[in-house]
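**Q** Let me give you the structure first, and then I'll get to my questions.
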Amino acid sequence: MAITPYSSTFIDGFNVPFPEIRDKRKIARLINSSEHILEYDHYSVIMNKERRLPFFSACNIDGTATSTVDRSGDFKPEERLATEFQTGNDFYTGRGNIFDKGHMTKFEDVMWGTKDPDALEQFGKNTFWYPNSAPQHFSLNRGMWSCLEKYILDTETDSLNLKICMFTGPALLANDPSLTAMVSGREYKVPMHFWKVVIYLHNRKLHGVGFIMSHSTLVRSSGQVKRNRVVEMFSRVRGIMNEPPYMDYKHSEPYQVQVEFISELTGLDFNYDGIVFPFKKSRREELIYNEVDIVKTKKTKDLSESEKEMTERKPELEIRSKYIFNNMILS
């Protein structure tokens, strides 16, 4: 089956290209090629060769599609990309299980486009490539990003066109702390923050919103990274001045920020004609959310084989949604 990667025209009638990378010297090229885009099923990745991590992973998500395929897969190196340009198992070995291999485009995001369970399973497995991942403290890697996506799909997008274009990546900052130990003989800086920009259709106009999460406090307290006292002092000074810096985000909590701020932070430009950016606040906003049990049912005939085995005595399966965000600004 031919791969259908990220499409800029996925939202009918609109064009949502990749964000422009300002420092193109850092873009990793594919082996024996002038190309630099790694294409997978429903998503694509562009890598930063210096940091061995993605600038971003770009994904199309069809909110009208649902899947019951179980999540499975093991991360593996990308053969089209030089080993020195990707973070592989050499990073994760001997770290005391502090870091997860965190998906940028998630397994669930690509589960659409066919009803064939084998094809859907293969779509999911094709998210388990090292270029589509970044080291995340295990407490951060719990699926909050997916909850953000689902909330936007369920509440704000055009009811006739439940599609979004999404960009996710680590914030690759010069002052990120380095691991205390070398990785394959090289210093390795660990990203402290992760961002997401979601583009969707609302009232016949493209809208864009941005989010940031951090594991800075958790990683810095783990003993896995070197302390930078200059950065720490600068952080405290800004705190005294009532200007909390991005590095002081509460760990594992989602924040809404201006897309412009993400652009300044990452060196990526999101230039789309006529797009509406509804979040106007100059400061970040910690998202307030609560868990709500909304029970849905599925008929037995629609269940996967594994679900049928789990529900032999029940004609239906209960599915619970997770979070509702009370102060997210989407329009």
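Identifiers for the structure tokens are assigned positionally: chains receive A, B, ... in sequence, residues are indexed from 1 per chain, and ligands are indexed from 1 in the order shown.
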In segment 116-193 of chain A, what's strand (DSSP E) per DSSP? Answer as a list of chain:residue names?
**A**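 Residues of segment 116-193 of chain A classed as strand (DSSP E): A:Ser133, A:Ala134, A:Pro135, A:Gln136, A:His137, A:Lys163, A:Ile164, A:Cys165, A:Met166, A:Phe167, A:Thr168, A:Gly169, A:Pro170, A:His193.
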**Q** Extract, using only C-alpha atoms, all DNA, RNA and protein residues at most 7 Å from segment 212-223 of chain A, discarding same-chain residues fewer than 4 positions from it, and format them as a PyMOL selection string.
**A** chain A and resi 137+140+192-196+247+249-256
**Q** For the residues in the current selection, export N, CA and C atoms as a CSV table (one decimal), in the first residue's frame.
**A**
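The resulting selection.csv:
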chain,number,residue,atom,x,y,z
A,137,HIS,N,10.0,12.5,30.3
A,137,HIS,CA,9.9,11.9,31.6
A,137,HIS,C,8.6,11.1,31.6
A,140,LEU,N,5.3,12.7,32.3
A,140,LEU,CA,4.7,13.6,31.3
A,140,LEU,C,4.0,12.8,30.2
A,192,MET,N,13.4,20.4,27.4
A,192,MET,CA,12.6,20.5,28.6
A,192,MET,C,11.1,20.8,28.3
A,193,HIS,N,10.8,21.2,27.1
A,193,HIS,CA,9.4,21.6,26.8
A,193,HIS,C,9.0,21.1,25.5
A,194,PHE,N,7.7,20.8,25.4
A,194,PHE,CA,7.1,20.3,24.1
A,194,PHE,C,5.9,21.1,23.8
A,195,TRP,N,5.7,21.3,22.5
A,195,TRP,CA,4.7,22.3,22.0
A,195,TRP,C,3.8,21.6,21.0
A,196,LYS,N,2.6,22.1,20.8
A,196,LYS,CA,1.7,21.7,19.8
A,196,LYS,C,1.0,22.8,19.2
A,247,MET,N,10.5,28.1,31.4
A,247,MET,CA,11.1,27.0,32.0
A,247,MET,C,10.4,26.7,33.4
A,249,TYR,N,7.1,26.3,33.8
A,249,TYR,CA,5.8,25.6,33.6
A,249,TYR,C,5.7,24.5,34.6
A,250,LYS,N,4.6,24.3,35.2
A,250,LYS,CA,4.3,23.1,36.1
A,250,LYS,C,4.5,21.9,35.2
A,251,HIS,N,5.1,20.9,35.8
A,251,HIS,CA,5.4,19.7,35.0
A,251,HIS,C,4.0,19.0,34.8
A,252,SER,N,4.0,18.5,33.6
A,252,SER,CA,2.9,17.6,33.1
A,252,SER,C,1.5,18.4,33.0
A,253,GLU,N,1.5,19.7,33.2
A,253,GLU,CA,0.3,20.4,33.0
A,253,GLU,C,0.3,21.2,31.7
A,254,PRO,N,-0.9,21.2,31.0
A,254,PRO,CA,-0.9,21.9,29.7
A,254,PRO,C,-1.2,23.4,29.8
A,255,TYR,N,-0.5,24.1,29.0
A,255,TYR,CA,-0.7,25.6,29.0
A,255,TYR,C,-1.1,26.0,27.5
A,256,GLN,N,-2.0,27.0,27.4
A,256,GLN,CA,-2.3,27.6,26.1
A,256,GLN,C,-1.5,28.8,26.0
**Q** Restricting the calculation to only C-alpha atoms, which member of A:Asp269, A:Glu20, A:Asp176, A:Glu35 is positioned closest to Arg80 of chain A?
**A**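 So, comparing all the options, the nearest one is A:Glu35.
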**Q** Where does segment 74-174 of chain A meet segment 11-18 of chain A within 10 Å, residue by residue, with the nearest atom pair and distance in Å to one decimal for each, counting only C-alpha atoms, listed by chain and rising number, as CSV?
**A**
residue,atom,partner,partner_atom,distance
A:Asn161,CA,A:Ile11,CA,7.7
A:Leu162,CA,A:Ile11,CA,8.8
A:Lys163,CA,A:Ile11,CA,6.2
A:Ile164,CA,A:Ile11,CA,6.9
A:Cys165,CA,A:Val16,CA,7.3
A:Met166,CA,A:Val16,CA,9.6
A:Phe167,CA,A:Phe18,CA,8.3
**Q** Segment 55-59 of chain A: which residues within 7 Å, counting only C-alpha atoms, same-chain residues fewer than 5 positions away excluded, as a compact mmCIF listing (two decimals) with N, CA and C atoms, in the first residue's frame?
**A**
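Below is the file result26.txt, written as the result:
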# COMPACT_ATOMS: atom_id res chain seq x y z
N TYR A 6 1.65 13.49 5.31
CA TYR A 6 0.98 14.74 5.64
C TYR A 6 0.63 15.50 4.36
N HIS A 42 -0.03 9.28 6.95
CA HIS A 42 -0.79 10.39 7.51
C HIS A 42 0.04 11.39 8.29
N TYR A 43 1.35 11.23 8.29
CA TYR A 43 2.18 12.24 8.95
C TYR A 43 3.57 12.28 8.32
N SER A 44 4.30 13.35 8.61
CA SER A 44 5.65 13.54 8.09
C SER A 44 6.51 14.19 9.16
N VAL A 45 7.83 14.00 9.07
CA VAL A 45 8.76 14.49 10.08
C VAL A 45 9.94 15.18 9.40
N ILE A 46 10.38 16.30 9.98
CA ILE A 46 11.63 16.95 9.57
C ILE A 46 12.55 17.00 10.79
N MET A 47 13.79 16.55 10.61
CA MET A 47 14.71 16.37 11.73
C MET A 47 15.75 17.49 11.84
N ASN A 48 16.13 17.77 13.09
CA ASN A 48 17.23 18.68 13.41
C ASN A 48 18.48 17.82 13.59
N MET A 104 5.62 11.94 19.07
CA MET A 104 5.21 13.27 18.68
C MET A 104 3.85 13.15 17.96
N THR A 105 3.81 12.51 16.80
CA THR A 105 2.51 12.09 16.26
C THR A 105 2.15 10.78 16.93
N ASN A 132 10.15 10.07 15.08
CA ASN A 132 8.84 10.56 15.54
C ASN A 132 8.75 10.53 17.06
N CYS A 165 -5.13 19.78 11.12
CA CYS A 165 -3.71 19.64 10.82
C CYS A 165 -2.96 20.00 12.09
N MET A 166 -2.01 19.17 12.46
CA MET A 166 -1.37 19.34 13.74
C MET A 166 0.14 19.22 13.62
N PHE A 167 0.83 20.10 14.34
CA PHE A 167 2.29 20.08 14.38
C PHE A 167 2.72 19.95 15.83
N THR A 168 3.63 19.02 16.09
CA THR A 168 4.09 18.74 17.45
C THR A 168 5.59 18.56 17.44
N GLY A 169 6.24 19.06 18.49
CA GLY A 169 7.68 18.87 18.57
C GLY A 169 8.24 19.28 19.91
**Q** Please return as a PyMOL selection string: the residues of segment 29-225 of chain A that backbone DSSP assigns to helix (DSSP H, G or I).
**A** chain A and resi 83-85+89-92+107-110+117-125+130-132+144-155+216-220
**Q** What does the file look like for those residues with C-alpha atoms, as a short mmCIF file (atom, residue, chain, number, x, y, z; two decimals), in the first residue's frame?
**A**
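Okay, part08.cif is ready:
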data_model
loop_
_atom_site.label_atom_id
_atom_site.label_comp_id
_atom_site.auth_asym_id
_atom_site.auth_seq_id
_atom_site.Cartn_x
_atom_site.Cartn_y
_atom_site.Cartn_z
CA THR A 83 22.15 7.11 12.75
CA GLU A 84 24.03 10.20 13.95
CA PHE A 85 20.97 12.36 13.13
CA ASN A 89 18.25 3.31 21.98
CA ASP A 90 21.74 4.58 22.93
CA PHE A 91 20.01 7.44 24.74
CA TYR A 92 17.58 5.32 26.73
CA PHE A 107 -0.44 6.08 17.48
CA GLU A 108 -4.13 7.06 17.65
CA ASP A 109 -3.73 10.10 15.38
CA VAL A 110 -3.16 8.09 12.21
CA PRO A 117 -7.99 -3.64 10.75
CA ASP A 118 -4.71 -4.97 9.39
CA ALA A 119 -4.07 -1.73 7.50
CA LEU A 120 -5.02 0.34 10.54
CA GLU A 121 -2.65 -1.68 12.66
CA GLN A 122 0.14 -1.04 10.18
CA PHE A 123 -0.63 2.71 10.23
CA GLY A 124 -0.20 2.64 13.99
CA LYS A 125 3.01 0.65 13.88
CA TYR A 130 12.76 7.14 16.49
CA PRO A 131 12.49 10.33 14.39
CA ASN A 132 8.84 10.56 15.54
CA MET A 144 -2.63 14.71 27.60
CA TRP A 145 -1.76 15.81 24.07
CA SER A 146 -4.30 13.35 22.71
CA CYS A 147 -6.93 14.74 25.07
CA LEU A 148 -6.32 18.25 23.72
CA GLU A 149 -6.79 17.06 20.15
CA LYS A 150 -9.98 15.18 20.91
CA TYR A 151 -11.44 18.10 22.81
CA ILE A 152 -10.88 20.45 19.88
CA LEU A 153 -12.32 17.94 17.42
CA ASP A 154 -15.40 17.41 19.57
CA THR A 155 -16.20 21.02 20.40
CA SER A 216 11.66 20.50 33.37
CA THR A 217 11.19 20.17 37.14
CA LEU A 218 11.01 16.38 36.96
CA VAL A 219 14.08 15.97 34.75
CA ARG A 220 16.19 18.49 36.63
#
**Q** Quote the spacing between atom CA of Asn326 of chain A and atom CA of Pro170 of chain A in Å to one decimal place.
**A**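 We find that atom CA of Asn326 of chain A and atom CA of Pro170 of chain A lie 25.6 Å from each other.
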**Q** Give me the residues within 12 Å of Val225 of chain A as a PyMOL selection string, counting only C-alpha atoms and dropping any in the same chain fewer than 6 places off.
**A** chain A and resi 95+98-99+176-182+187-192+216-219
**Q** Just want the 7 Å neighbourhood of Gln258 of chain A, counted on only C-alpha atoms, with same-chain residues fewer than 3 positions away dropped. Output as a JSON list (two decimals) with N, CA and C atoms, in the first residue's frame.
**A**
[["chain", "number", "residue", "atom", "x", "y", "z"],
["A", 209, "VAL", "N", -4.33, 27.28, 17.26],
["A", 209, "VAL", "CA", -4.08, 27.44, 18.68],
["A", 209, "VAL", "C", -2.80, 26.70, 19.05],
["A", 210, "GLY", "N", -2.14, 27.18, 20.12],
["A", 210, "GLY", "CA", -0.88, 26.60, 20.53],
["A", 210, "GLY", "C", -0.88, 26.19, 21.99],
["A", 261, "PHE", "N", 4.21, 32.98, 20.11],
["A", 261, "PHE", "CA", 5.22, 32.64, 21.11],
["A", 261, "PHE", "C", 5.93, 31.35, 20.76],
["A", 262, "ILE", "N", 5.19, 30.35, 20.31],
["A", 262, "ILE", "CA", 5.81, 29.09, 19.89],
["A", 262, "ILE", "C", 6.75, 29.33, 18.71],
["A", 279, "PHE", "N", -6.39, 32.95, 20.56],
["A", 279, "PHE", "CA", -5.79, 33.20, 21.87],
["A", 279, "PHE", "C", -4.94, 34.46, 21.79],
["A", 280, "LYS", "N", -5.38, 35.54, 22.45],
["A", 280, "LYS", "CA", -4.75, 36.85, 22.33],
["A", 280, "LYS", "C", -3.96, 37.26, 23.58]]
